[in-house]
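File shown: data32.cif (mmCIF, C-alpha atoms).
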data_upload
#
loop_
_atom_site.group_PDB
_atom_site.id
_atom_site.type_symbol
_atom_site.label_atom_id
_atom_site.label_comp_id
_atom_site.auth_asym_id
_atom_site.auth_seq_id
_atom_site.Cartn_x
_atom_site.Cartn_y
_atom_site.Cartn_z
ATOM 1 C CA MET A 22 -115.337 98.850 117.715
ATOM 2 C CA ARG A 23 -115.652 101.860 115.483
ATOM 3 C CA GLN A 24 -118.762 100.448 113.776
ATOM 4 C CA LEU A 25 -120.386 99.689 117.126
ATOM 5 C CA ARG A 26 -119.534 103.146 118.425
ATOM 6 C CA GLU A 27 -120.878 104.867 115.278
ATOM 7 C CA THR A 28 -124.129 102.909 115.455
ATOM 8 C CA TYR A 29 -124.784 102.744 119.208
ATOM 9 C CA GLY A 30 -122.775 105.655 120.631
ATOM 10 C CA GLN A 31 -121.950 105.425 124.348
ATOM 11 C CA ARG A 32 -123.858 102.148 124.694
ATOM 12 C CA SER A 33 -121.517 100.358 122.259
ATOM 13 C CA GLY A 34 -119.352 98.968 125.077
ATOM 14 C CA THR A 35 -122.240 96.948 126.503
ATOM 15 C CA PHE A 36 -122.032 94.496 123.580
ATOM 16 C CA LEU A 37 -118.541 93.379 124.558
ATOM 17 C CA SER A 38 -119.129 93.735 128.297
ATOM 18 C CA ASN A 39 -122.147 91.415 128.234
ATOM 19 C CA ALA A 40 -120.735 88.769 125.903
ATOM 20 C CA SER A 41 -119.629 85.577 127.645
ATOM 21 C CA THR A 42 -117.573 84.496 124.614
ATOM 22 C CA LEU A 43 -115.701 86.631 122.105
ATOM 23 C CA GLN A 44 -114.107 85.381 118.888
ATOM 24 C CA VAL A 45 -111.466 87.761 117.580
ATOM 25 C CA PHE A 46 -110.096 87.508 114.049
ATOM 26 C CA GLY A 47 -109.427 89.739 111.078
ATOM 27 C CA VAL A 48 -108.696 92.834 113.185
ATOM 28 C CA ASN A 49 -107.602 95.743 110.982
ATOM 29 C CA ALA A 50 -108.033 98.735 113.313
ATOM 30 C CA ILE A 51 -105.378 99.629 115.883
ATOM 31 C CA GLU A 52 -108.082 100.888 118.274
ATOM 32 C CA THR A 53 -109.770 97.469 118.284
ATOM 33 C CA ALA A 54 -106.449 95.613 118.515
ATOM 34 C CA SER A 55 -105.449 97.778 121.504
ATOM 35 C CA LEU A 56 -108.761 97.056 123.236
ATOM 36 C CA ILE A 57 -108.318 93.302 122.690
ATOM 37 C CA ALA A 58 -104.696 93.453 123.939
ATOM 38 C CA ARG A 59 -105.867 95.155 127.151
ATOM 39 C CA THR A 60 -108.700 92.642 127.513
ATOM 40 C CA ILE A 61 -106.381 89.642 127.099
ATOM 41 C CA GLY A 62 -104.137 90.923 129.871
ATOM 42 C CA ARG A 63 -100.498 90.943 130.807
ATOM 43 C CA MET A 64 -97.850 88.605 132.169
ATOM 44 C CA ASP A 65 -94.629 89.081 134.070
ATOM 45 C CA GLU A 66 -91.415 88.620 132.132
ATOM 46 C CA ARG A 67 -88.085 88.050 133.859
ATOM 47 C CA HIS A 68 -84.936 89.698 132.507
ATOM 48 C CA VAL A 69 -81.422 88.980 133.707
ATOM 49 C CA THR A 70 -78.542 91.238 132.733
ATOM 50 C CA GLN A 71 -74.880 90.659 133.408
ATOM 51 C CA SER A 72 -71.887 92.895 133.072
ATOM 52 C CA TRP A 73 -68.262 92.267 133.722
ATOM 53 C CA SER A 74 -65.095 94.231 133.822
ATOM 54 C CA SER A 75 -61.621 93.018 133.246
ATOM 55 C CA PRO A 76 -59.100 94.981 135.316
ATOM 56 C CA ASN A 77 -55.808 96.011 133.816
ATOM 57 C CA LEU A 78 -53.938 94.544 136.775
ATOM 58 C CA PRO A 79 -53.072 90.861 136.402
ATOM 59 C CA TRP A 80 -53.519 90.006 140.094
ATOM 60 C CA LYS A 81 -57.099 91.383 140.222
ATOM 61 C CA PRO A 82 -59.841 88.956 139.186
ATOM 62 C CA PRO A 83 -62.523 90.109 136.753
ATOM 63 C CA SER A 84 -65.620 91.618 138.297
ATOM 64 C CA ILE A 85 -69.018 90.199 137.338
ATOM 65 C CA THR A 86 -72.300 91.874 138.191
ATOM 66 C CA SER A 87 -75.705 90.317 137.618
ATOM 67 C CA SER A 88 -79.106 91.883 138.049
ATOM 68 C CA GLU A 89 -82.626 90.622 137.558
ATOM 69 C CA HIS A 90 -85.795 92.590 136.986
ATOM 70 C CA ILE A 91 -89.363 91.702 136.202
ATOM 71 C CA VAL A 92 -91.477 93.696 133.773
ATOM 72 C CA ALA A 93 -95.107 93.372 132.740
ATOM 73 C CA ARG A 94 -95.745 92.566 129.091
ATOM 74 C CA ASP A 95 -98.968 92.275 127.100
ATOM 75 C CA LEU A 96 -99.768 88.638 126.349
ATOM 76 C CA MET A 97 -100.278 89.852 122.791
ATOM 77 C CA ALA A 98 -99.369 93.308 121.523
ATOM 78 C CA PRO A 99 -101.851 95.110 119.254
ATOM 79 C CA ASP A 100 -99.631 94.620 116.204
ATOM 80 C CA GLU A 101 -99.455 90.859 116.902
ATOM 81 C CA ILE A 102 -103.252 90.731 117.017
ATOM 82 C CA MET A 103 -103.462 92.564 113.702
ATOM 83 C CA ARG A 104 -100.984 90.121 112.124
ATOM 84 C CA LEU A 105 -102.775 86.911 113.105
ATOM 85 C CA PRO A 106 -102.851 84.494 110.173
ATOM 86 C CA ASP A 107 -106.186 83.912 108.434
ATOM 87 C CA GLU A 108 -106.606 80.501 110.044
ATOM 88 C CA ALA A 109 -106.122 81.782 113.623
ATOM 89 C CA MET A 110 -108.424 83.481 116.112
ATOM 90 C CA ILE A 111 -108.416 84.476 119.749
ATOM 91 C CA LEU A 112 -111.130 83.049 121.995
ATOM 92 C CA LEU A 113 -112.098 84.924 125.126
ATOM 93 C CA ASN A 114 -114.439 82.978 127.411
ATOM 94 C CA ARG A 115 -115.604 84.607 130.624
ATOM 95 C CA GLY A 116 -113.736 83.202 133.614
ATOM 96 C CA GLN A 117 -111.104 81.410 131.506
ATOM 97 C CA ARG A 118 -107.702 82.228 130.118
ATOM 98 C CA PRO A 119 -107.581 83.532 126.545
ATOM 99 C CA ALA A 120 -106.914 80.925 123.877
ATOM 100 C CA LEU A 121 -105.266 81.135 120.484
ATOM 101 C CA ALA A 122 -107.287 78.743 118.333
ATOM 102 C CA GLN A 123 -107.575 77.544 114.770
ATOM 103 C CA LYS A 124 -110.704 78.673 112.946
ATOM 104 C CA ILE A 125 -113.024 76.028 111.580
ATOM 105 C CA ARG A 126 -113.887 76.728 107.971
ATOM 106 C CA ASP A 127 -117.377 75.448 107.308
ATOM 107 C CA ASP A 128 -116.746 75.439 103.560
ATOM 108 C CA THR A 129 -113.631 73.217 103.748
ATOM 109 C CA ASP A 130 -113.864 71.216 106.996
ATOM 110 C CA PRO A 131 -115.080 67.654 106.222
ATOM 111 C CA GLU A 132 -117.425 67.657 109.214
ATOM 112 C CA PHE A 133 -119.193 70.841 108.122
ATOM 113 C CA ARG A 134 -118.709 70.851 104.345
ATOM 114 C CA THR A 135 -122.108 69.281 103.657
ATOM 115 C CA LEU A 136 -123.792 72.023 105.693
ATOM 116 C CA PHE A 137 -122.177 74.840 103.710
ATOM 117 C CA ASP A 138 -124.388 76.642 101.225
ATOM 118 C CA PRO A 139 -122.280 78.741 98.812
ATOM 119 C CA SER A 140 -125.257 80.848 97.717
#
Represent the supplied structure as structure tokens.
Amino acid sequence: MRQLRETYGQRSGTFLSNASTLQVFGVNAIETASLIARTIGRMDERHVTQSWSSPNLPWKPPSITSSEHIVARDLMAPDEIMRLPDEAMILLNRGQRPALAQKIRDDTDPEFRTLFDPS
């Protein structure tokens, strides 16, 4: 993002806004990782907590309390995006859910190896 912003200024956002497919890999800047995390979206996560007390009186049964709450969580946090392994990428296709995919290496994949030109 920083390179786009330095080159194109305020218009830099139109590149991402107008792309129907984004491939994300090798992210090293927290600003870019944060933008991708916001773009990917959030999900609800359910948490259940329980507590109990054991009374000092033998004829009183223990008391158990349970509560449930739902919190929103990023599908991927910026630090998770920055730690993606070399062989992984995130695919963002307009109108579809984000996908964590394996990169195809044209220099090692048998289907593409003959098309790879090392020069």
Taking 2 positions as the minimum chain separation for residues in the same chain, which residues sit within 12 Å of Arg67 of chain A when counting all atoms listed in the file? Answer as number ranges by chain. A: 64-65, 69-70, 88-94
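Of the residues listed (A:Ser75, A:Ser55, A:Gln24, A:Thr60), A:Thr60 shows the shortest atom-to-atom separation from Ser38 of chain A; distances use only C-alpha atoms.
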Given the file shown, enumerate the residues that the PyMOL selection byres ((chain A and resi 46) around 8) captures and present them as a ChimeraX atom specification. /A:44-45,47-48,105,107,109-111
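Reported to one decimal place, the separation of atom CA of Ala40 of chain A from atom CA of Leu112 of chain A is 11.8 Å.
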Go through the shown structure with the PyMOL selection byres ((chain A and resi 117) around 12) and write out the matching residues as a list in words.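 Checking the PyMOL selection byres ((chain A and resi 117) around 12) against this file, the residues are Ser41, Thr42, Leu43, Ile61, Gly62, Leu112, Leu113, Asn114, Arg115, Gly116, Arg118, Pro119 and Ala120 of chain A.
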Residue IDs satisfying the PyMOL selection byres ((chain A and resi 126) around 12), as a ChimeraX atom specification: /A:107-110,123-125,127-137
Fewer than 4 positions away in the same chain doesn't count, so skip those; otherwise give me all residues within 7 Å of Thr86 of chain A, counting all atoms listed in the file, as a ChimeraX atom specification. /A:71-73
In Å to one decimal, how far is atom CA of Arg23 of chain A from atom CA of Arg63 of chain A?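 Here the two named atoms are 24.2 Å from each other.
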For Met22 of chain A, list every protein, DNA or RNA residue within 12 Å, evaluated using only C-alpha atoms, and leave out those in the same chain fewer than 2 positions away; present the list as a ChimeraX atom specification. /A:24-37,45,48-57
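Restricting the calculation to all atoms listed in the file, the smallest distance between Glu101 of chain A and any of A:Pro139, A:Pro76, A:Asn39, A:Leu121 is found for A:Leu121.
In this structure, atom CA of Asp95 of chain A sits 7.5 Å away from atom CA of Arg59 of chain A.
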Counting all atoms listed in the file, which residue out of A:Asp138, A:Pro79, A:Ala122, A:His68 sits closest to Pro106 of chain A?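 Once distances to Pro106 of chain A are computed over all atoms listed in the file, the minimum belongs to A:Ala122.
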